[in-house]
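**Student:** One structure is given below, represented as structure tokens, and several questions about it will come after.
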Amino acid sequence: MKRSMSMAALLVAIAVLGTTGAAPSHALMLPPPPEYSLALTEDSGTTDQGGVASTRLNSTVINGGQTLVLSATGVPDGVSVAFAPELTYTGGGSDIAVIASPSARPGTYPITIVSTATPIHTVTYTLTVTPADPANDFSFSLGAPPLTVDRGSSGTLNVDTATIGGDPQEVALSAVGVPSGMSVGFEPATVTTGGRGVIRVSPSDQMAFGTYPILVYAKGTLNRAVPLRVVVRDGRPDDFSVRLLMPRGTAEAGSSVGTTVMISTMAGRRQNVTVSSSGAPPGGSVSIWPTSTNSDAYVTVRIGTARTTPLGTYPVTLTVTGSVVRSQTFEVTVKPRTIPAYQYYTWYNSGDVIMYEGVAYRCVIAHTSMPGWEPPNVPSVWSRA
């Protein structure tokens, strides 16, 4: 009793020290919350009606790292804001085109650039729209976007220009916000308004599938821009691979062993797949989580055995079904159970098996073992296993 009281007193002393004194050396130090900052290379710009003003958003990591989802608010009628990319990471950036349509009203407008993360941060870009010069104007457009390209190949779109006012002029074609692994070229790089060029987009054969926004510019005496979405895909038939991180394992009869199925997209698009099994050990079972997923995923598998499962090695087939069917075999070896020795003052559940003087016994009635209750002495409590 005295020992219990001294322990309680010690715990109280520790609690008091933790609130009034210095923190113990082993105290858990939580990491600081994630934080970052934003800045624009140009926080204001001017364009005529039908033109574009450009800037770039850069982020700096302060604590941690996270994804930033970019958007804009306070955008006036007739004006649009395009990001390339629309999703970036702390420490990264995005090219921004603020595009005024021919119908945009002249004036000065504060536009808020929003980065949605933890926490949300904003910066302000001030856009000034001036009247278009009807004596010196042009337009350009891209034919039938978005552009879908198989990785490892090239895709093209026409770039059409038109002289709206004044004499035809030469405009230089370019692209910004081009992601790593993608090349963009123009044929020719300079077009006289009223003429046509071609934009050629070539993703590498290792580029990840997905949709990538880029910004296409035409620069003459005035600047014009059009956003373009490039969809990168794999032109080969959809396919995936299946691999077991652990292809075999051992379990005592009555216990279980696990493995992980790694599914990877090899060609085509990511697809939905289902995972199933066959060949569970006699009396055993196979649990799979999740049973439905996509073709870039890890799946947890647990193979259970029964106490009555015969000793031996059993092949368990794990099958992943999508546009194709792929299988792998996990070998589970069932070995004899390690039966613990009988102990006094121990709680035994009905069905527990122990060894006593070289003989295995199974508990019939749940109880706490006591001297004199040895298995041979209480046949109503213990039976031979």
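Labels for the structure tokens follow display order: chains A, B, ..., residues from 1 in each chain, ligands from 1.
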Give me the residues of region 147-266 of chain A that have any atom at most 8 Å from an atom of region 74-91 of chain A; for each, the nearest atom pair and the distance in Å, rounded to one decimal. Use only C-alpha atoms, sort by chain and number, and format it as CSV.
**Tutor:**
```
residue,atom,partner,partner_atom,distance
A:Val176,CA,A:Ala84,CA,7.7
A:Gly177,CA,A:Ala84,CA,4.8
A:Val178,CA,A:Ala84,CA,7.6
A:Tyr212,CA,A:Pro85,CA,6.9
A:Pro213,CA,A:Ala84,CA,5.2
A:Ile214,CA,A:Ala84,CA,5.2
A:Leu215,CA,A:Ala84,CA,6.7
A:Pro227,CA,A:Ala82,CA,6.6
```
**Student:** Could you save those same residues with N, CA and C atoms as a PDB file, in the first residue's frame?
**Tutor:**
```pdb
ATOM      1  N   VAL A 176       4.171  29.639 -72.728  1.00  0.00           N
ATOM      2  CA  VAL A 176       4.733  29.647 -71.379  1.00  0.00           C
ATOM      3  C   VAL A 176       3.927  28.667 -70.525  1.00  0.00           C
ATOM      4  N   GLY A 177       4.516  28.328 -69.386  1.00  0.00           N
ATOM      5  CA  GLY A 177       3.865  27.369 -68.493  1.00  0.00           C
ATOM      6  C   GLY A 177       3.982  25.944 -68.999  1.00  0.00           C
ATOM      7  N   VAL A 178       4.940  25.689 -69.888  1.00  0.00           N
ATOM      8  CA  VAL A 178       5.106  24.334 -70.438  1.00  0.00           C
ATOM      9  C   VAL A 178       5.719  23.444 -69.362  1.00  0.00           C
ATOM     10  N   TYR A 212      -2.729  19.257 -68.898  1.00  0.00           N
ATOM     11  CA  TYR A 212      -1.754  20.305 -68.595  1.00  0.00           C
ATOM     12  C   TYR A 212      -2.169  21.601 -69.279  1.00  0.00           C
ATOM     13  N   PRO A 213      -2.407  22.674 -68.513  1.00  0.00           N
ATOM     14  CA  PRO A 213      -2.700  23.974 -69.140  1.00  0.00           C
ATOM     15  C   PRO A 213      -1.415  24.703 -69.500  1.00  0.00           C
ATOM     16  N   ILE A 214      -1.347  25.238 -70.708  1.00  0.00           N
ATOM     17  CA  ILE A 214      -0.246  26.114 -71.107  1.00  0.00           C
ATOM     18  C   ILE A 214      -0.852  27.390 -71.681  1.00  0.00           C
ATOM     19  N   LEU A 215      -0.031  28.408 -71.871  1.00  0.00           N
ATOM     20  CA  LEU A 215      -0.486  29.692 -72.392  1.00  0.00           C
ATOM     21  C   LEU A 215       0.235  29.967 -73.702  1.00  0.00           C
ATOM     22  N   PRO A 227      -5.382  30.465 -73.733  1.00  0.00           N
ATOM     23  CA  PRO A 227      -5.008  29.283 -72.951  1.00  0.00           C
ATOM     24  C   PRO A 227      -5.290  28.004 -73.739  1.00  0.00           C
TER      25      PRO A 227
END
```
**Student:** Could you write out, as a ChimeraX atom specification, all the residues of region 132-221 of chain A that DSSP marks as strand (DSSP E)?
**Tutor:** /A:137-142,147-150,155-165,170-176,182-187,190-192,196-203,210-219
**Student:** Between A:Ser37, A:Ser241, A:Thr161, A:Thr300, which one has atoms that come closest to Val226 (chain A), using only C-alpha atoms?
**Tutor:**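 Smallest separation from Val226 (chain A) among the options: A:Thr161.
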**Student:** Find the distance between CA of Leu222 (chain A) and CA of Ala175 (chain A) and write it in Å to one decimal.
**Tutor:**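 Separation between CA of Leu222 (chain A) and CA of Ala175 (chain A): 16.1 Å.
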**Student:** Which is closer to Val230 (chain A) than all the others in A:Gly372, A:Pro168, A:Gly322, A:Gly155, using only C-alpha atoms?
**Tutor:**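 Of all the options, A:Gly155 lies closest to Val230 (chain A).
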**Student:** When distances are computed from only C-alpha atoms, which of A:Ala218, A:Ala360, A:Val69, A:Val273 shows the smallest separation from Arg337 (chain A)?
**Tutor:**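 Of A:Ala218, A:Ala360, A:Val69, A:Val273, the one nearest Arg337 (chain A) is A:Ala360, counting only C-alpha atoms.
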**Student:** Extract, using only C-alpha atoms, all DNA, RNA and protein residues at most 7 Å from region 106-122 of chain A, discarding same-chain residues fewer than 2 positions from it, and format them as a list in words.
**Tutor:**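 The residues that qualify are Pro34, Glu35, Thr67, Leu68, Val69, Leu70, Ser71, Ala72, Thr73, Gly74, Val75, Ala104, Thr124, Tyr125, Thr126, Leu127, Thr128, Val129, Thr130 and Pro131 of chain A.
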**Student:** Pick from A:Thr319, A:Ser59, A:Thr308, A:Ser287: nearest to Ile263 (chain A), with only C-alpha atoms counted?
**Tutor:** A:Thr319
**Student:** Can you tell me which residues surround Asn272 (chain A) at a distance of at most 10 Å, considering only C-alpha atoms, apart from same-chain residues fewer than 4 positions away, and format the answer as a PDB file with N, CA and C atoms, in the first residue's frame?
**Tutor:**
```pdb
ATOM      1  N   SER A 292     -11.900  -3.104 -54.467  1.00  0.00           N
ATOM      2  CA  SER A 292     -12.097  -2.316 -55.682  1.00  0.00           C
ATOM      3  C   SER A 292     -11.237  -1.060 -55.587  1.00  0.00           C
ATOM      4  N   THR A 293     -10.402  -0.824 -56.598  1.00  0.00           N
ATOM      5  CA  THR A 293      -9.498   0.316 -56.555  1.00  0.00           C
ATOM      6  C   THR A 293      -9.145   0.706 -57.991  1.00  0.00           C
ATOM      7  N   ASN A 294      -8.027   1.419 -58.190  1.00  0.00           N
ATOM      8  CA  ASN A 294      -7.599   1.755 -59.542  1.00  0.00           C
ATOM      9  C   ASN A 294      -6.268   1.077 -59.846  1.00  0.00           C
ATOM     10  N   SER A 295      -5.786   1.236 -61.070  1.00  0.00           N
ATOM     11  CA  SER A 295      -4.621   0.482 -61.512  1.00  0.00           C
ATOM     12  C   SER A 295      -3.290   1.110 -61.109  1.00  0.00           C
ATOM     13  N   ASP A 296      -3.315   2.032 -60.150  1.00  0.00           N
ATOM     14  CA  ASP A 296      -2.109   2.531 -59.494  1.00  0.00           C
ATOM     15  C   ASP A 296      -2.391   2.531 -57.998  1.00  0.00           C
ATOM     16  N   THR A 321      -8.594  -7.853 -61.813  1.00  0.00           N
ATOM     17  CA  THR A 321      -9.391  -7.860 -63.040  1.00  0.00           C
ATOM     18  C   THR A 321      -9.758  -6.444 -63.452  1.00  0.00           C
ATOM     19  N   GLY A 322      -9.403  -6.084 -64.684  1.00  0.00           N
ATOM     20  CA  GLY A 322      -9.796  -4.817 -65.284  1.00  0.00           C
ATOM     21  C   GLY A 322     -10.044  -5.057 -66.757  1.00  0.00           C
ATOM     22  N   SER A 323      -9.420  -4.253 -67.628  1.00  0.00           N
ATOM     23  CA  SER A 323      -9.521  -4.517 -69.059  1.00  0.00           C
ATOM     24  C   SER A 323      -8.756  -5.781 -69.423  1.00  0.00           C
TER      25      SER A 323
END
```
**Student:** Determine, for each residue of region 77-155 of chain A having at least one atom at most 7 Å from an atom of region 198-203 of chain A, the closest pair of atoms and their separation in Å to one decimal, counting only C-alpha atoms; order by chain and ascending number, as a Markdown table.
**Tutor:**
```
| residue | atom | partner | partner_atom | distance |
| --- | --- | --- | --- | --- |
| A:Arg151 | CA | A:Pro203 | CA | 5.1 |
| A:Gly152 | CA | A:Pro203 | CA | 5.8 |
| A:Ser153 | CA | A:Ser202 | CA | 5.8 |
| A:Ser154 | CA | A:Ser202 | CA | 4.3 |
| A:Gly155 | CA | A:Val201 | CA | 5.3 |
```
**Student:** Save the residues we just selected, C-alpha atoms, as a PDB file, in the first residue's frame?
**Tutor:**
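Everything below was put into selection.pdb:
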```
ATOM      1  CA  ARG A 151       2.938  10.439 -74.799  1.00  0.00           C
ATOM      2  CA  GLY A 152       6.043   9.766 -76.854  1.00  0.00           C
ATOM      3  CA  SER A 153       4.417  11.307 -79.961  1.00  0.00           C
ATOM      4  CA  SER A 154       3.360  14.756 -81.230  1.00  0.00           C
ATOM      5  CA  GLY A 155       0.098  16.567 -81.795  1.00  0.00           C
TER       6      GLY A 155
END
```
**Student:** Rounded to one decimal place, report the CA of Ile303 (chain A)-CA of Val353 (chain A) distance in Å.
**Tutor:**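 Between CA of Ile303 (chain A) and CA of Val353 (chain A) the gap is 21.9 Å.
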**Student:** Quick one: of A:Phe186, A:Tyr217, A:Tyr314, A:Phe209, who's nearest to Met266 (chain A), counting only C-alpha atoms?
**Tutor:**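 Under the stated criterion, the closest residue is A:Phe209.
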**Student:** For Thr317 (chain A), find every residue with an atom within 6 Å (counting only C-alpha atoms), except residues of its own chain fewer than 6 positions away, and show them as an MDAnalysis selection string.
**Tutor:** chainID A and resid 277:278 328:329
**Student:** Excluding region 251-262 of chain A and any residue of its chain fewer than 5 positions from it, enumerate the residues within 7 Å of it, using only C-alpha atoms, and give them as a list in words.
**Tutor:**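 Returned residues: Val242, Arg243, Leu244, Leu245, Met246, Ala297, Tyr298, Val299, Thr300, Val301, Arg302, Ile303, Gly304, Thr305, Ala306, Arg307, Thr308, Thr309, Thr333, Val334, Lys335, Pro336 and Arg337 of chain A.
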**Student:** Deliver the residues from the most recent selection as a file, using C-alpha atoms, as a short mmCIF file (atom, residue, chain, number, x, y, z; two decimals), in the first residue's frame.
**Tutor:**
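Everything below was put into result-v3.cif:
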```
data_model
loop_
_atom_site.label_atom_id
_atom_site.label_comp_id
_atom_site.auth_asym_id
_atom_site.auth_seq_id
_atom_site.Cartn_x
_atom_site.Cartn_y
_atom_site.Cartn_z
CA VAL A 242 0.68 -6.87 -60.62
CA ARG A 243 3.45 -7.65 -58.15
CA LEU A 244 3.54 -9.03 -54.61
CA LEU A 245 5.82 -7.15 -52.24
CA MET A 246 6.18 -10.42 -50.30
CA ALA A 297 -2.65 1.27 -55.97
CA TYR A 298 -1.50 -0.89 -53.08
CA VAL A 299 -3.86 -3.60 -51.78
CA THR A 300 -3.49 -5.30 -48.39
CA VAL A 301 -4.07 -9.06 -48.23
CA ARG A 302 -4.31 -11.22 -45.09
CA ILE A 303 -4.39 -15.04 -45.24
CA GLY A 304 -5.82 -16.68 -42.14
CA THR A 305 -5.47 -20.33 -41.12
CA ALA A 306 -7.46 -22.51 -38.71
CA ARG A 307 -6.09 -24.54 -35.83
CA THR A 308 -7.22 -27.57 -37.79
CA THR A 309 -5.46 -26.52 -41.02
CA THR A 333 3.42 -22.35 -45.29
CA VAL A 334 1.47 -23.60 -42.27
CA LYS A 335 3.66 -24.82 -39.42
CA PRO A 336 2.77 -26.36 -36.01
CA ARG A 337 1.43 -24.07 -33.37
#
```
**Student:** Could you jot down the CA of Leu142 (chain A) to CA of Ser94 (chain A) separation for me, Å, one decimal place?
**Tutor:** 21.9 Å
**Student:** Within 12 Å of Phe140 (chain A), counting only C-alpha atoms, which residues show up once you throw out same-chain ones fewer than 6 positions away? Write them as a PyMOL selection string, please.
**Tutor:** chain A and resi 50-51+158-164+171-173+191-198+216-220+222-227
